[in-house]
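To start, the structure itself, in structure tokens.
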Amino acid sequence: MTHPAQPKASHFINGAYVEDTAGTPIPVIYAATGEQIATVYAATPAIVEQALSTAKAAQKAWAKMTGTERGRILRRAADIMRERNHELSVLETYDTGKPLQETLVADATSGADALEYFGGLAGSLTGEHIPMGEDWVYTVREALGLCVGIGAWNYPTQIACWKGAPALACGNSMVFKPSETTPLCALKVAEILHEAGLPAGLYNVIQGMGEVGAALVTDPRVDKVSLTGSVPTGKKVYAAAAAGMKHVTMELGGKSPLIIFDDADVENAVGGAINGNFYSSGQVCSNGTRVFVQKGIKEKFLARLAERTGAAVLGDPQDEATSFGPMVTENQMNIVLGYIEKGKEEGARLICGGKRADMPGFFVEPTVFADVTDDMTIAREEIFGPVMSVLDFDTEEEVIARANDTEFGLSAGVFTNDFSRAHRVIGQLEAGSCFINSYNDAPVEAPFGGVKASGVGRENSKEAIKHFSQVKSVYVRMGDVEAAF
Ligand SMILES: NC(=O)c1ccc[n+]([C@@H]2O[C@H](COP(=O)([O-])OP(=O)(O)OC[C@H]3O[C@@H](n4cnc5c(N)ncnc54)[C@H](O)[C@@H]3O)[C@@H](O)[C@H]2O)c1
Ligand SMILES: CCCCC=O
């Protein structure tokens with residue numbers, strides 16, 4: 001019998017599902033059982049062409065509509081997403097393995113927030129009037145044109161909406177390629193947008209691996225590329241986009257510091273460290289995986305952390321009681337287990353976890369290492385799994401230097417009851433998305449993105465509008481034109 005997660009077809013182009021079984025089959029594996037639940041096919045060159053030409057053709061008429069008209073459609077889509085939250089969350093759980101307890105509150109709901117927020121902003125996208133004596137300049141905020149979105153596998157619904165909603169609000173069209181690991185949810189986003197009244201051709205989803213992404217990025221009709229992925233992929237995609245002088249947004253990886261001073265509330269700091277390491281089984285770009293704890297509270301912090309981590313409920317992700325799911329794939333599980341072995345070999349002290357969980361599926365126990373030093377592999381490389389490194393520190397000055405000693409710069413957090421210190425420290429951390437006495441909040445109203453190797457540009461908030469539009473400036477002369485001859 002066909003699994004309920006099997007989509008009607010692999011691609012969504014020009015307002016309808018489209019199939020082409022000539023493409024490479026992509027199996028969709030449910031991470032909690034290892035069973036194949038669906039199959040999609042990678043886009044053939046004919047499918048890529050169909051998606052790009054339809055998106056190119058549809059964009060101009062969309063940009064001519066008023067922002068209020070465009071926004072109304074996005075807000076209607078947000079309402080539909082919220083009405084279908086349960087069904088979409090179940091699908092997100094099949095796509096990623098993340099527990100339903102999380103997907104019910106963090107995925108379609110976050111996507112709906114983006115559609116609602118950018119739908120609301122669409123009517124307010126105006127230029128300015130700049131007086132020049134008798135003359136004046138006016139500016140117009142215009143769409144970029146045809147945008148490509150490429151997604152990672154940890155938040156398939158959210159990424160499809162975080163890119164699609166601002167792009168459409170500004171009058172662009174989009175071809176979105178989800179990660180080949182989680183191809184299901186973006187198709188539902190496309191379906192819902194069209195049900196809400198989006199004209200055909202404006203939001204298209206095609207499947208495929210890196211080659212399909214590369215074909216999209218290098219196409220001369222494409223004006224902008226927004227990628228969520230790893231730093232190595234980001235470097236390739238950025239270079240390819242630069243060759244065509246295209247706009248880019250790069251939401252990439254991290255190895256973010258979470259700094260806990262000894263005056264912090266220990267329970268809140270432990271909660272922040274759990275949210276910053278074990279949510280989505282650690283598969284979150286902004287995770288604070290280098291937890292610097294001031295020596296005075298180190299043992300108290302570790303004891304409570306081990307106790308609370310022991311309360312994680314590993315199990316069937318579709319059961320709402322489960323609070324911790326599997327890695328997205330067997331490969332990702334093996335990568336994470338490899339890092340855990342490396343941590344042990346390099347002399348870190350294992351506090352809890354440290355192995356594959358004894359159950360079906362790709363589960364790795366939530367793992368904490370203490371006595372981690374800056375040079376250890378687990379403290380330097382992005383693991384993208386539930387492995388927390390706890391490092392000791394003595395002084396504020398020392399911890400700031402060590403926190404910044406990384407190629408990455410996505411996020412950073414500070415826990416302290418001294419607010420002067422909190423702002424002073426955050427002010428010196430090289431990171432794009434920061435937290436004080438909290439971790440991993442990502443509301444649509446706040447800009448999200450990194451500095452250094454972690455990215456270029458910002459998603460969410462009014463900042464995202466700048467990255468999906470451009471400004472035309474028009475000089476208006478009221479008098480005669482003076483010329484040299
Ligand atoms: N900053 C953020 O907002 C954010 C959010 C989620 C995940 N991430 C990062 O994503 C990574 C995990 O996701 P992943 O393993 O799917 O990343 P990945 O880099 O392997 O793949 C990302 C996407 O890029 C595509 N791709 C690969 N090669 C390409 C090429 N040459 N041209 C065009 N597209 C290409 C893939 O098919 C996939 O859709 C982690 O590093 C994580 O930190 C970042
Ligand atoms: C907390 C925001 C998650 C986006 C990156 O993985």
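Please note that chains go A, B, ... in the order of the structure tokens, that every chain numbers its residues from 1, and that ligands are numbered from 1 in the order shown.
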| message | What residues of the protein or nucleic acid chains come within 7 Å of ligand 2 when you use only C-alpha atoms and all ligand atoms? Reply as a PyMOL selection string. | response | chain A and resi 154-155+283-286+440-442
| said: Residues of stretch 334-375 of chain A classed as helix (DSSP H, G or I) by DSSP on the backbone are to be reported as a PyMOL selection string. | reply: chain A and resi 334-345
Resulting file, chosen residues, all heavy atoms, as a tab-separated table (two decimals), in the first residue's frame:
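The file below, result_7.tsv, is the result:
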```
chain	number	residue	atom	x	y	z
A	334	ASN	N	26.22	8.15	11.28
A	334	ASN	CA	27.60	7.65	11.31
A	334	ASN	C	28.60	8.80	11.43
A	334	ASN	O	29.62	8.67	12.11
A	334	ASN	CB	27.88	6.80	10.07
A	334	ASN	CG	27.14	5.46	10.19
A	334	ASN	OD1	26.92	4.96	11.30
A	334	ASN	ND2	26.72	4.91	9.07
A	335	ILE	N	28.29	9.93	10.80
A	335	ILE	CA	29.18	11.10	10.94
A	335	ILE	C	29.23	11.52	12.42
A	335	ILE	O	30.29	11.75	12.99
A	335	ILE	CB	28.67	12.28	10.06
A	335	ILE	CG1	28.86	11.93	8.57
A	335	ILE	CG2	29.34	13.59	10.42
A	335	ILE	CD1	28.23	12.90	7.60
A	336	VAL	N	28.06	11.59	13.04
A	336	VAL	CA	27.99	12.03	14.44
A	336	VAL	C	28.71	11.03	15.35
A	336	VAL	O	29.49	11.42	16.24
A	336	VAL	CB	26.51	12.24	14.86
A	336	VAL	CG1	26.41	12.53	16.35
A	336	VAL	CG2	25.88	13.36	14.04
A	337	LEU	N	28.48	9.73	15.12
A	337	LEU	CA	29.15	8.71	15.95
A	337	LEU	C	30.67	8.81	15.78
A	337	LEU	O	31.43	8.61	16.74
A	337	LEU	CB	28.65	7.31	15.58
A	337	LEU	CG	27.19	7.03	15.97
A	337	LEU	CD1	26.72	5.67	15.41
A	337	LEU	CD2	26.97	7.06	17.49
A	338	GLY	N	31.10	9.14	14.57
A	338	GLY	CA	32.55	9.33	14.30
A	338	GLY	C	33.11	10.46	15.15
A	338	GLY	O	34.20	10.34	15.73
A	339	TYR	N	32.36	11.55	15.25
A	339	TYR	CA	32.82	12.68	16.07
A	339	TYR	C	32.86	12.29	17.55
A	339	TYR	O	33.75	12.71	18.30
A	339	TYR	CB	31.91	13.90	15.87
A	339	TYR	CG	32.28	14.73	14.66
A	339	TYR	CD1	31.48	14.77	13.53
A	339	TYR	CD2	33.46	15.50	14.66
A	339	TYR	CE1	31.82	15.55	12.42
A	339	TYR	CE2	33.81	16.28	13.56
A	339	TYR	CZ	32.99	16.30	12.44
A	339	TYR	OH	33.34	17.06	11.37
A	340	ILE	N	31.88	11.49	17.98
A	340	ILE	CA	31.87	11.08	19.40
A	340	ILE	C	33.12	10.25	19.70
A	340	ILE	O	33.79	10.46	20.73
A	340	ILE	CB	30.56	10.30	19.71
A	340	ILE	CG1	29.36	11.26	19.67
A	340	ILE	CG2	30.65	9.60	21.07
A	340	ILE	CD1	28.00	10.61	19.84
A	341	GLU	N	33.48	9.37	18.79
A	341	GLU	CA	34.69	8.55	18.99
A	341	GLU	C	35.92	9.46	19.05
A	341	GLU	O	36.81	9.26	19.87
A	341	GLU	CB	34.84	7.50	17.88
A	341	GLU	CG	33.88	6.33	18.02
A	341	GLU	CD	33.75	5.81	19.45
A	341	GLU	OE1	34.79	5.46	20.07
A	341	GLU	OE2	32.62	5.78	19.99
A	342	LYS	N	35.94	10.44	18.17
A	342	LYS	CA	37.06	11.40	18.13
A	342	LYS	C	37.17	12.14	19.48
A	342	LYS	O	38.26	12.33	20.01
A	342	LYS	CB	36.77	12.40	17.01
A	342	LYS	CG	37.92	13.11	16.46
A	342	LYS	CD	38.53	12.40	15.28
A	342	LYS	CE	39.74	13.09	14.76
A	342	LYS	NZ	40.72	12.17	14.23
A	343	GLY	N	36.03	12.54	20.03
A	343	GLY	CA	36.01	13.23	21.31
A	343	GLY	C	36.63	12.35	22.41
A	343	GLY	O	37.43	12.83	23.23
A	344	LYS	N	36.25	11.08	22.39
A	344	LYS	CA	36.78	10.15	23.40
A	344	LYS	C	38.30	9.99	23.21
A	344	LYS	O	39.08	10.09	24.16
A	344	LYS	CB	36.11	8.78	23.28
A	344	LYS	CG	34.62	8.77	23.67
A	344	LYS	CD	34.03	7.39	23.40
A	344	LYS	CE	32.52	7.36	23.60
A	344	LYS	NZ	31.88	6.15	23.07
A	345	GLU	N	38.69	9.76	21.94
A	345	GLU	CA	40.13	9.56	21.64
A	345	GLU	C	40.97	10.77	22.04
A	345	GLU	O	42.09	10.63	22.52
A	345	GLU	CB	40.33	9.43	20.12
A	345	GLU	CG	40.17	8.04	19.55
A	345	GLU	CD	39.97	8.14	18.03
A	345	GLU	OE1	40.64	8.98	17.36
A	345	GLU	OE2	39.09	7.42	17.56
```
| request: Name the closest residue to ligand 1 among the candidates A:Pro326, A:Gly409, A:Pro366, A:Pro232; distances are taken between atoms, counting only C-alpha atoms and all ligand atoms. | output: A:Pro232
Throw together the list of residues within 7 Å of ligand 1, counting only C-alpha atoms and all ligand atoms, and drop it here as a PDB file with N, CA, C and O atoms, in the first residue's frame.
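Final output, saved to pocket-v9.pdb:
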```pdb
ATOM      1  N   ILE A 150      17.443  27.177  -2.435  1.00  0.00           N
ATOM      2  CA  ILE A 150      17.977  25.810  -2.282  1.00  0.00           C
ATOM      3  C   ILE A 150      18.011  25.505  -0.787  1.00  0.00           C
ATOM      4  O   ILE A 150      18.551  26.292  -0.007  1.00  0.00           O
ATOM      5  N   GLY A 151      17.435  24.365  -0.403  1.00  0.00           N
ATOM      6  CA  GLY A 151      17.248  24.099   1.020  1.00  0.00           C
ATOM      7  C   GLY A 151      18.137  23.021   1.610  1.00  0.00           C
ATOM      8  O   GLY A 151      18.630  22.138   0.900  1.00  0.00           O
ATOM      9  N   ALA A 152      18.337  23.104   2.927  1.00  0.00           N
ATOM     10  CA  ALA A 152      18.975  22.036   3.713  1.00  0.00           C
ATOM     11  C   ALA A 152      17.871  21.119   4.232  1.00  0.00           C
ATOM     12  O   ALA A 152      16.687  21.378   4.036  1.00  0.00           O
ATOM     13  N   TRP A 153      18.272  20.044   4.943  1.00  0.00           N
ATOM     14  CA  TRP A 153      17.289  19.027   5.307  1.00  0.00           C
ATOM     15  C   TRP A 153      16.705  19.155   6.710  1.00  0.00           C
ATOM     16  O   TRP A 153      15.838  18.376   7.085  1.00  0.00           O
ATOM     17  N   ASN A 154      17.160  20.118   7.491  1.00  0.00           N
ATOM     18  CA  ASN A 154      16.696  20.107   8.884  1.00  0.00           C
ATOM     19  C   ASN A 154      15.339  20.790   9.094  1.00  0.00           C
ATOM     20  O   ASN A 154      14.606  20.423  10.005  1.00  0.00           O
ATOM     21  N   TYR A 155      15.014  21.778   8.254  1.00  0.00           N
ATOM     22  CA  TYR A 155      13.730  22.485   8.408  1.00  0.00           C
ATOM     23  C   TYR A 155      13.077  22.667   7.026  1.00  0.00           C
ATOM     24  O   TYR A 155      12.992  23.783   6.508  1.00  0.00           O
ATOM     25  N   LYS A 177      14.494  24.326  -4.750  1.00  0.00           N
ATOM     26  CA  LYS A 177      14.944  22.928  -4.742  1.00  0.00           C
ATOM     27  C   LYS A 177      15.191  22.504  -3.302  1.00  0.00           C
ATOM     28  O   LYS A 177      16.127  22.974  -2.657  1.00  0.00           O
ATOM     29  N   PRO A 178      14.342  21.614  -2.784  1.00  0.00           N
ATOM     30  CA  PRO A 178      14.588  21.153  -1.414  1.00  0.00           C
ATOM     31  C   PRO A 178      15.819  20.255  -1.371  1.00  0.00           C
ATOM     32  O   PRO A 178      16.290  19.795  -2.414  1.00  0.00           O
ATOM     33  N   SER A 179      16.277  19.972  -0.174  1.00  0.00           N
ATOM     34  CA  SER A 179      17.337  18.976  -0.025  1.00  0.00           C
ATOM     35  C   SER A 179      16.819  17.629  -0.529  1.00  0.00           C
ATOM     36  O   SER A 179      15.660  17.269  -0.296  1.00  0.00           O
ATOM     37  N   GLU A 180      17.680  16.884  -1.167  1.00  0.00           N
ATOM     38  CA  GLU A 180      17.305  15.543  -1.658  1.00  0.00           C
ATOM     39  C   GLU A 180      16.974  14.601  -0.495  1.00  0.00           C
ATOM     40  O   GLU A 180      16.326  13.575  -0.677  1.00  0.00           O
ATOM     41  N   GLY A 208      16.058  17.188  -6.601  1.00  0.00           N
ATOM     42  CA  GLY A 208      17.345  16.800  -7.162  1.00  0.00           C
ATOM     43  C   GLY A 208      18.491  17.000  -6.193  1.00  0.00           C
ATOM     44  O   GLY A 208      18.336  17.581  -5.124  1.00  0.00           O
ATOM     45  N   MET A 209      19.641  16.476  -6.607  1.00  0.00           N
ATOM     46  CA  MET A 209      20.847  16.596  -5.807  1.00  0.00           C
ATOM     47  C   MET A 209      21.584  17.898  -6.195  1.00  0.00           C
ATOM     48  O   MET A 209      21.016  18.744  -6.876  1.00  0.00           O
ATOM     49  N   GLY A 210      22.877  17.929  -5.860  1.00  0.00           N
ATOM     50  CA  GLY A 210      23.678  19.125  -6.129  1.00  0.00           C
ATOM     51  C   GLY A 210      23.682  19.542  -7.596  1.00  0.00           C
ATOM     52  O   GLY A 210      23.697  20.737  -7.907  1.00  0.00           O
ATOM     53  N   GLU A 211      23.649  18.566  -8.513  1.00  0.00           N
ATOM     54  CA  GLU A 211      23.725  18.942  -9.955  1.00  0.00           C
ATOM     55  C   GLU A 211      22.517  19.774 -10.356  1.00  0.00           C
ATOM     56  O   GLU A 211      22.637  20.703 -11.161  1.00  0.00           O
ATOM     57  N   VAL A 212      21.351  19.432  -9.813  1.00  0.00           N
ATOM     58  CA  VAL A 212      20.150  20.203 -10.169  1.00  0.00           C
ATOM     59  C   VAL A 212      20.278  21.615  -9.586  1.00  0.00           C
ATOM     60  O   VAL A 212      19.991  22.609 -10.259  1.00  0.00           O
ATOM     61  N   GLY A 213      20.777  21.687  -8.342  1.00  0.00           N
ATOM     62  CA  GLY A 213      21.005  22.998  -7.729  1.00  0.00           C
ATOM     63  C   GLY A 213      21.969  23.819  -8.579  1.00  0.00           C
ATOM     64  O   GLY A 213      21.741  24.999  -8.867  1.00  0.00           O
ATOM     65  N   ALA A 214      23.049  23.166  -9.032  1.00  0.00           N
ATOM     66  CA  ALA A 214      24.061  23.876  -9.832  1.00  0.00           C
ATOM     67  C   ALA A 214      23.467  24.342 -11.157  1.00  0.00           C
ATOM     68  O   ALA A 214      23.788  25.446 -11.636  1.00  0.00           O
ATOM     69  N   VAL A 217      21.554  27.483 -10.384  1.00  0.00           N
ATOM     70  CA  VAL A 217      22.399  28.627  -9.997  1.00  0.00           C
ATOM     71  C   VAL A 217      23.099  29.243 -11.207  1.00  0.00           C
ATOM     72  O   VAL A 217      23.316  30.456 -11.263  1.00  0.00           O
ATOM     73  N   LEU A 227      20.639  30.241  -0.570  1.00  0.00           N
ATOM     74  CA  LEU A 227      20.991  28.867  -0.178  1.00  0.00           C
ATOM     75  C   LEU A 227      20.979  28.713   1.332  1.00  0.00           C
ATOM     76  O   LEU A 227      21.512  29.569   2.045  1.00  0.00           O
ATOM     77  N   THR A 228      20.414  27.638   1.815  1.00  0.00           N
ATOM     78  CA  THR A 228      20.642  27.208   3.189  1.00  0.00           C
ATOM     79  C   THR A 228      21.386  25.889   3.100  1.00  0.00           C
ATOM     80  O   THR A 228      20.887  24.936   2.484  1.00  0.00           O
ATOM     81  N   GLY A 229      22.578  25.839   3.654  1.00  0.00           N
ATOM     82  CA  GLY A 229      23.377  24.619   3.546  1.00  0.00           C
ATOM     83  C   GLY A 229      24.689  24.762   4.282  1.00  0.00           C
ATOM     84  O   GLY A 229      24.869  25.650   5.107  1.00  0.00           O
ATOM     85  N   SER A 230      25.617  23.877   3.945  1.00  0.00           N
ATOM     86  CA  SER A 230      26.904  23.862   4.647  1.00  0.00           C
ATOM     87  C   SER A 230      27.855  24.907   4.048  1.00  0.00           C
ATOM     88  O   SER A 230      27.639  25.392   2.930  1.00  0.00           O
ATOM     89  N   VAL A 231      28.922  25.193   4.757  1.00  0.00           N
ATOM     90  CA  VAL A 231      29.906  26.169   4.268  1.00  0.00           C
ATOM     91  C   VAL A 231      30.558  25.707   2.953  1.00  0.00           C
ATOM     92  O   VAL A 231      30.647  26.502   2.005  1.00  0.00           O
ATOM     93  N   PRO A 232      30.978  24.434   2.833  1.00  0.00           N
ATOM     94  CA  PRO A 232      31.593  24.033   1.548  1.00  0.00           C
ATOM     95  C   PRO A 232      30.637  24.216   0.364  1.00  0.00           C
ATOM     96  O   PRO A 232      31.045  24.710  -0.699  1.00  0.00           O
ATOM     97  N   THR A 233      29.353  23.864   0.540  1.00  0.00           N
ATOM     98  CA  THR A 233      28.392  24.072  -0.552  1.00  0.00           C
ATOM     99  C   THR A 233      28.213  25.570  -0.787  1.00  0.00           C
ATOM    100  O   THR A 233      28.155  26.031  -1.935  1.00  0.00           O
ATOM    101  N   GLY A 234      28.145  26.334   0.285  1.00  0.00           N
ATOM    102  CA  GLY A 234      27.970  27.780   0.163  1.00  0.00           C
ATOM    103  C   GLY A 234      29.081  28.416  -0.663  1.00  0.00           C
ATOM    104  O   GLY A 234      28.830  29.284  -1.497  1.00  0.00           O
ATOM    105  N   LYS A 236      30.841  27.020  -3.020  1.00  0.00           N
ATOM    106  CA  LYS A 236      30.662  26.671  -4.444  1.00  0.00           C
ATOM    107  C   LYS A 236      29.528  27.485  -5.066  1.00  0.00           C
ATOM    108  O   LYS A 236      29.643  28.006  -6.171  1.00  0.00           O
ATOM    109  N   VAL A 237      28.415  27.567  -4.333  1.00  0.00           N
ATOM    110  CA  VAL A 237      27.233  28.236  -4.884  1.00  0.00           C
ATOM    111  C   VAL A 237      27.478  29.749  -5.006  1.00  0.00           C
ATOM    112  O   VAL A 237      27.108  30.370  -6.005  1.00  0.00           O
ATOM    113  N   GLU A 251      22.862  31.149   3.938  1.00  0.00           N
ATOM    114  CA  GLU A 251      22.609  30.767   5.337  1.00  0.00           C
ATOM    115  C   GLU A 251      23.351  29.470   5.578  1.00  0.00           C
ATOM    116  O   GLU A 251      22.896  28.390   5.171  1.00  0.00           O
ATOM    117  N   LEU A 252      24.505  29.546   6.237  1.00  0.00           N
ATOM    118  CA  LEU A 252      25.396  28.383   6.267  1.00  0.00           C
ATOM    119  C   LEU A 252      25.595  27.855   7.691  1.00  0.00           C
ATOM    120  O   LEU A 252      24.809  28.158   8.577  1.00  0.00           O
ATOM    121  N   GLY A 253      26.628  27.092   7.871  1.00  0.00           N
ATOM    122  CA  GLY A 253      26.809  26.370   9.139  1.00  0.00           C
ATOM    123  C   GLY A 253      27.420  27.209  10.244  1.00  0.00           C
ATOM    124  O   GLY A 253      27.700  28.395  10.069  1.00  0.00           O
ATOM    125  N   GLY A 254      27.632  26.572  11.386  1.00  0.00           N
ATOM    126  CA  GLY A 254      28.194  27.288  12.521  1.00  0.00           C
ATOM    127  C   GLY A 254      28.844  26.367  13.538  1.00  0.00           C
ATOM    128  O   GLY A 254      28.759  25.129  13.446  1.00  0.00           O
ATOM    129  N   VAL A 284      20.633  21.716  14.072  1.00  0.00           N
ATOM    130  CA  VAL A 284      20.236  23.120  13.930  1.00  0.00           C
ATOM    131  C   VAL A 284      21.501  23.939  13.684  1.00  0.00           C
ATOM    132  O   VAL A 284      22.486  23.819  14.417  1.00  0.00           O
ATOM    133  N   CYS A 285      21.452  24.763  12.636  1.00  0.00           N
ATOM    134  CA  CYS A 285      22.632  25.523  12.219  1.00  0.00           C
ATOM    135  C   CYS A 285      23.168  26.446  13.310  1.00  0.00           C
ATOM    136  O   CYS A 285      24.360  26.634  13.456  1.00  0.00           O
ATOM    137  N   SER A 286      22.239  27.045  14.077  1.00  0.00           N
ATOM    138  CA  SER A 286      22.635  28.077  15.031  1.00  0.00           C
ATOM    139  C   SER A 286      23.048  27.504  16.390  1.00  0.00           C
ATOM    140  O   SER A 286      23.328  28.268  17.317  1.00  0.00           O
ATOM    141  N   GLU A 382      31.810  21.670  12.752  1.00  0.00           N
ATOM    142  CA  GLU A 382      30.359  21.556  12.915  1.00  0.00           C
ATOM    143  C   GLU A 382      29.989  20.072  12.846  1.00  0.00           C
ATOM    144  O   GLU A 382      30.297  19.391  11.869  1.00  0.00           O
ATOM    145  N   PHE A 384      26.654  18.840  13.648  1.00  0.00           N
ATOM    146  CA  PHE A 384      25.253  18.768  13.234  1.00  0.00           C
ATOM    147  C   PHE A 384      24.583  17.508  13.790  1.00  0.00           C
ATOM    148  O   PHE A 384      23.977  16.706  13.075  1.00  0.00           O
ATOM    149  N   LEU A 410      27.802  32.300  13.085  1.00  0.00           N
ATOM    150  CA  LEU A 410      26.345  32.355  12.926  1.00  0.00           C
ATOM    151  C   LEU A 410      25.676  32.922  14.180  1.00  0.00           C
ATOM    152  O   LEU A 410      24.989  33.927  14.123  1.00  0.00           O
ATOM    153  N   GLY A 449      20.861  35.288  10.484  1.00  0.00           N
ATOM    154  CA  GLY A 449      21.939  34.998   9.543  1.00  0.00           C
ATOM    155  C   GLY A 449      23.283  35.196  10.199  1.00  0.00           C
ATOM    156  O   GLY A 449      23.360  35.638  11.349  1.00  0.00           O
ATOM    157  N   GLY A 450      24.342  34.861   9.466  1.00  0.00           N
ATOM    158  CA  GLY A 450      25.658  34.837  10.081  1.00  0.00           C
ATOM    159  C   GLY A 450      26.659  35.783   9.473  1.00  0.00           C
ATOM    160  O   GLY A 450      26.422  36.395   8.424  1.00  0.00           O
ATOM    161  N   SER A 454      29.882  31.872   8.048  1.00  0.00           N
ATOM    162  CA  SER A 454      28.508  31.397   8.254  1.00  0.00           C
ATOM    163  C   SER A 454      27.484  32.045   7.335  1.00  0.00           C
ATOM    164  O   SER A 454      26.325  31.633   7.328  1.00  0.00           O
ATOM    165  N   GLY A 455      27.892  33.039   6.571  1.00  0.00           N
ATOM    166  CA  GLY A 455      26.896  33.509   5.617  1.00  0.00           C
ATOM    167  C   GLY A 455      26.995  34.938   5.176  1.00  0.00           C
ATOM    168  O   GLY A 455      27.822  35.718   5.638  1.00  0.00           O
TER     169      GLY A 455
END
```
Could you write out, as a short mmCIF file (atom, residue, chain, number, x, y, z; two decimals) with N, CA, C and O atoms, in the first residue's frame, all the residues of stretch 205-273 of chain A that DSSP marks as strand (DSSP E)?
```cif
data_model
loop_
_atom_site.label_atom_id
_atom_site.label_comp_id
_atom_site.auth_asym_id
_atom_site.auth_seq_id
_atom_site.Cartn_x
_atom_site.Cartn_y
_atom_site.Cartn_z
N VAL A 205 8.53 23.95 -7.35
CA VAL A 205 9.43 23.10 -6.57
C VAL A 205 9.94 21.99 -7.47
O VAL A 205 9.14 21.29 -8.12
N LYS A 224 18.77 35.76 -8.57
CA LYS A 224 19.15 35.69 -7.15
C LYS A 224 19.16 34.24 -6.69
O LYS A 224 18.29 33.46 -7.10
N VAL A 225 20.11 33.92 -5.84
CA VAL A 225 20.18 32.57 -5.27
C VAL A 225 20.21 32.69 -3.75
O VAL A 225 21.05 33.40 -3.19
N SER A 226 19.30 31.99 -3.10
CA SER A 226 19.30 31.95 -1.64
C SER A 226 19.51 30.50 -1.22
O SER A 226 18.68 29.65 -1.49
N LEU A 227 20.64 30.24 -0.57
CA LEU A 227 20.99 28.87 -0.18
C LEU A 227 20.98 28.71 1.33
O LEU A 227 21.51 29.57 2.05
N THR A 228 20.41 27.64 1.81
CA THR A 228 20.64 27.21 3.19
C THR A 228 21.39 25.89 3.10
O THR A 228 20.89 24.94 2.48
N HIS A 247 22.57 38.15 -7.26
CA HIS A 247 22.42 38.43 -5.83
C HIS A 247 22.45 37.10 -5.07
O HIS A 247 22.01 36.08 -5.59
N VAL A 248 22.95 37.13 -3.83
CA VAL A 248 22.96 35.90 -3.03
C VAL A 248 22.54 36.18 -1.59
O VAL A 248 22.75 37.27 -1.05
N THR A 249 21.94 35.14 -0.99
CA THR A 249 21.83 35.04 0.46
C THR A 249 22.40 33.68 0.80
O THR A 249 22.04 32.68 0.16
N MET A 250 23.32 33.62 1.76
CA MET A 250 23.95 32.36 2.15
C MET A 250 23.69 32.13 3.64
O MET A 250 24.21 32.88 4.48
N GLU A 251 22.86 31.15 3.94
CA GLU A 251 22.61 30.77 5.34
C GLU A 251 23.35 29.47 5.58
O GLU A 251 22.90 28.39 5.17
N PRO A 257 29.34 29.76 20.02
CA PRO A 257 29.64 29.73 21.45
C PRO A 257 28.42 30.11 22.31
O PRO A 257 27.65 31.01 21.96
N LEU A 258 28.27 29.41 23.40
CA LEU A 258 27.27 29.76 24.42
C LEU A 258 28.07 29.94 25.71
O LEU A 258 28.70 28.99 26.19
N ILE A 259 28.05 31.17 26.25
CA ILE A 259 28.93 31.49 27.38
C ILE A 259 28.10 31.62 28.65
O ILE A 259 27.14 32.41 28.71
N ILE A 260 28.48 30.85 29.66
CA ILE A 260 27.71 30.85 30.91
C ILE A 260 28.61 31.34 32.05
O ILE A 260 29.58 30.67 32.42
#
```
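In this comparison, which uses only C-alpha atoms, the residue of A:Gly123, A:Thr309, A:Gly145, A:Leu184 approaching A:Ala58 most closely is A:Gly145.
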| message | What's around stretch 69-76 of chain A at 6 Å? Count only C-alpha atoms, leave out sequence neighbours fewer than 2 positions away in its own chain, and write the answer as a PyMOL selection string. | response | chain A and resi 66-67+78-79+115-116+119-120+122+196-197
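Residues in contact range of A:His423, defined as at most 12 Å between only C-alpha atoms, with sequence neighbours fewer than 2 positions away removed, read A:Gly413, A:Val414, A:Phe415, A:Thr416, A:Asn417, A:Asp418, A:Phe419, A:Ser420, A:Arg421, A:Val425, A:Ile426, A:Gly427, A:Gln428, A:Leu429, A:Cys434, A:Phe435, A:Ile436, A:Asn437.
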Print the selection's residues with C-alpha atoms to a file, as a short mmCIF file (atom, residue, chain, number, x, y, z; two decimals), in the first residue's frame.
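Once everything was written out, this is selection-v5.cif:
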```cif
data_model
loop_
_atom_site.label_atom_id
_atom_site.label_comp_id
_atom_site.auth_asym_id
_atom_site.auth_seq_id
_atom_site.Cartn_x
_atom_site.Cartn_y
_atom_site.Cartn_z
CA GLY A 413 24.70 33.37 23.52
CA VAL A 414 25.48 34.69 26.98
CA PHE A 415 23.91 33.69 30.30
CA THR A 416 24.56 36.09 33.20
CA ASN A 417 22.56 38.12 35.68
CA ASP A 418 24.85 41.10 35.10
CA PHE A 419 23.23 42.93 32.20
CA SER A 420 26.12 45.36 31.71
CA ARG A 421 28.35 42.38 31.18
CA VAL A 425 30.22 40.62 25.85
CA ILE A 426 27.59 40.28 23.10
CA GLY A 427 28.95 43.50 21.60
CA GLN A 428 32.34 41.83 21.13
CA LEU A 429 31.19 38.45 19.80
CA CYS A 434 22.77 36.50 19.34
CA PHE A 435 20.92 35.67 22.54
CA ILE A 436 21.04 36.97 26.12
CA ASN A 437 19.73 34.54 28.77
#
```
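Reported to one decimal place, the separation of atom CA of A:Ala264 from atom CA of A:Gly354 is 27.3 Å.
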| task | Would you list the contacts of A:Ser323 as a list of chain:residue names, taking every protein, DNA or RNA residue within 10 Å and counting only C-alpha atoms, but skipping same-chain residues closer than 5 positions in sequence? | result | A:Lys98, A:Pro99, A:Leu100, A:Gln101, A:Glu102, A:Phe278, A:Tyr279, A:Ser280, A:Ser281, A:Ala311, A:Ala312, A:Val313, A:Leu314, A:Gly315, A:Asp316, A:Pro317
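When only C-alpha atoms are used to measure the gap to A:Pro360, the shortest distance among A:Ala32, A:Val18, A:Val399, A:Ala241 belongs to A:Ala32.
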